[in-house]
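Following: one structure in structure tokens, then a few remarks.
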Amino acid sequence: MKLKTAVLMIFIQICSSGYIFAQEEPTEEPKYGWQKEMVGGINLTQTGFDNWVQGGEKSFAWQSNLYFKFINDQEKTNWANSGKFGYGATKIGDQESRKSIDEIKLESVFAYKLSASINPYAAVTGETQFAPGFNYGTNPKTQISAIMDPGYFRESAGIEYKPNDIIKTRMGASLKQTITSDYPVPYADNPDTKNKIEKTKNEIGAESVTDVDWKISENTLFTSKLELFTTFKAFDEIDVNWDSLLTVKISKYINVNFNFRLFYDKDISSKRQIKQAIALGATYSFL
């Protein structure tokens with residue numbers, strides 16, 4: 001993805017929260033210490049038929065997710081830890097159950113406060129999946145991924161900008177590792193080395209991460225994370241991971257969620273990948 005497109009995406013992300021700055025309430029005294037949040041949910045969908053002459057196939061789908069944030073905010077430091085876990089499957093007719101979502105993502109960011117809004121940081125992120133993935137376009141099906149196969153890790157350091165409690169962005173130098181075991185292609189293998197298959201890939205480059213955590217109303221929350229990474233070897237080729245979630249609270253335990261994710265990595269596919277989901281289900285706050 002070209003540099004201009006990635007810059008435009010950052011601009012859209014920030015501008016989408018533009019009028020947030022005008023909505024800020026008077027500054028309150030800071031509250032130091034641990035801030036803890038853990039929310040889990042499950043969504044279920046079922047359809048059945050008995051002598052239904054109009055046709056149709058029975059189906060059952062489920063999806064579970066868990067989000068957490070553990071933030072230790074002190075006068076001179078801020079240590080933010082977050083995680084996202086999601087898994088779900090769908091069964092249609094006599095077909096075997098197939099997963100519809102599978103994600104493990106962890107992030108830890110440590111920032112040293114030099115000023116109210118601009119501070120140096122160091123960060124570590126990791127991402128993989130729970131269960132094997134299959135290509136159902138072959139007969140028989142072909143396994144193409146597994147837990148930690150691939151696994152993605154990124155370490156970075158740079159400058160973080162946080163104008164308020166809703167939006168923050170950071171930019172810095174970054175190291176990225178892609179590790180595989182049985183499925184190096186297309187995740188880690190270098191296609192230019194014809195006689196060798198690499199199971200790990202190391203990249204040195206730069207990252208930009210923008211987070212939005214916007215409580216639009218008492219019952220509506222919008223969260224979004226835009227991650228950009230580029231290697232110094234190909235600075236005009238930028239990996240993009242944009243994950244946004246709009247949650248509308250209907251009652252104490254019932255939510256409607258709309259999730260949109262855009263992913264682009266030229267090493268995996270020359271085209272951008274998009275995933276979207278709308279879900280109605282039960283949610284519960286553990287902390």
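In the structure tokens, the first chain shown is A, the next is B, and so on; residue numbers restart at 1 for each chain, and ligands run from 1 in the order shown.
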
Going by DSSP on the backbone, which bits of segment 174-284 of chain A are strand (DSSP E or B)? Write them as a ChimeraX atom specification, please.
/A:174-179,200-217,220-231,238-249,254-264,273-284

Just want the 9 Å neighbourhood of Ala89 of chain A, counted on only C-alpha atoms, with same-chain residues fewer than 5 positions away dropped. Output as a list in words.
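Listed by chain and then number, they are Phe60, Ala61, Trp62, Gln63, Ser97, Arg98, Lys99, Ser100, Ile101 and Asp102 of chain A.
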
With distances taken over only C-alpha atoms, which of A:Asp189, A:Asp50, A:Asp211, A:Asp243 is nearest to Ile166 of chain A?
A:Asp211

Per residue of segment 163-275 of chain A within 9 Å of segment 24-48 of chain A, note the shortest atom pair and the distance in Å to one decimal, counting only C-alpha atoms, and order the rows by chain and increasing residue number, as a tab-separated table.
```
residue	atom	partner	partner_atom	distance
A:Asn164	CA	A:Glu24	CA	8.2
A:Tyr253	CA	A:Gly41	CA	8.9
A:Asn255	CA	A:Gly41	CA	8.8
```

Output file for the residues above (N, CA and C atoms, as a CSV table (one decimal), in the first residue's frame):
```csv
chain,number,residue,atom,x,y,z
A,164,ASN,N,-5.5,14.2,24.5
A,164,ASN,CA,-6.6,14.1,25.5
A,164,ASN,C,-6.8,12.6,25.8
A,253,TYR,N,-26.8,-6.1,30.0
A,253,TYR,CA,-26.0,-7.2,29.5
A,253,TYR,C,-26.1,-7.5,28.0
A,255,ASN,N,-25.6,-6.1,24.1
A,255,ASN,CA,-25.0,-5.2,23.2
A,255,ASN,C,-25.1,-5.5,21.7
```

Name the residues in contact with segment 122-126 of chain A at a cut-off of 7 Å, using only C-alpha atoms, excluding same-chain residues fewer than 2 positions from it; report them as a list in words.
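My list of contacting residues is Lys105, Leu106, Glu107, Ser108, Val109, Phe110, Ala111, Tyr152, Phe153, Arg154, Glu155, Ser156, Ala157 and Gly158 of chain A.
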
For the residues in that selection, give me C-alpha atoms as a PDB file, in the first residue's frame.
```pdb
ATOM      1  CA  LYS A 105      -3.527  -9.991  20.389  1.00  0.00           C
ATOM      2  CA  LEU A 106      -1.486  -8.558  23.278  1.00  0.00           C
ATOM      3  CA  GLU A 107       0.141  -5.145  23.646  1.00  0.00           C
ATOM      4  CA  SER A 108       2.253  -3.453  26.314  1.00  0.00           C
ATOM      5  CA  VAL A 109       3.288   0.221  26.080  1.00  0.00           C
ATOM      6  CA  PHE A 110       5.488   2.037  28.609  1.00  0.00           C
ATOM      7  CA  ALA A 111       5.697   5.832  28.362  1.00  0.00           C
ATOM      8  CA  TYR A 152       3.811 -11.854  14.782  1.00  0.00           C
ATOM      9  CA  PHE A 153       5.886  -9.833  17.255  1.00  0.00           C
ATOM     10  CA  ARG A 154       6.920  -6.204  17.164  1.00  0.00           C
ATOM     11  CA  GLU A 155       9.165  -4.123  19.438  1.00  0.00           C
ATOM     12  CA  SER A 156       9.351  -0.367  19.043  1.00  0.00           C
ATOM     13  CA  ALA A 157      10.492   2.882  20.640  1.00  0.00           C
ATOM     14  CA  GLY A 158       9.745   6.478  19.758  1.00  0.00           C
TER      15      GLY A 158
END
```

When you look at Asn119 of chain A with a cut-off of 6 Å (counting only C-alpha atoms), what residues show up, excluding the ones that are within fewer than 4 positions of it in the same chain? I need them as a PyMOL selection string.
chain A and resi 112-114+159-160
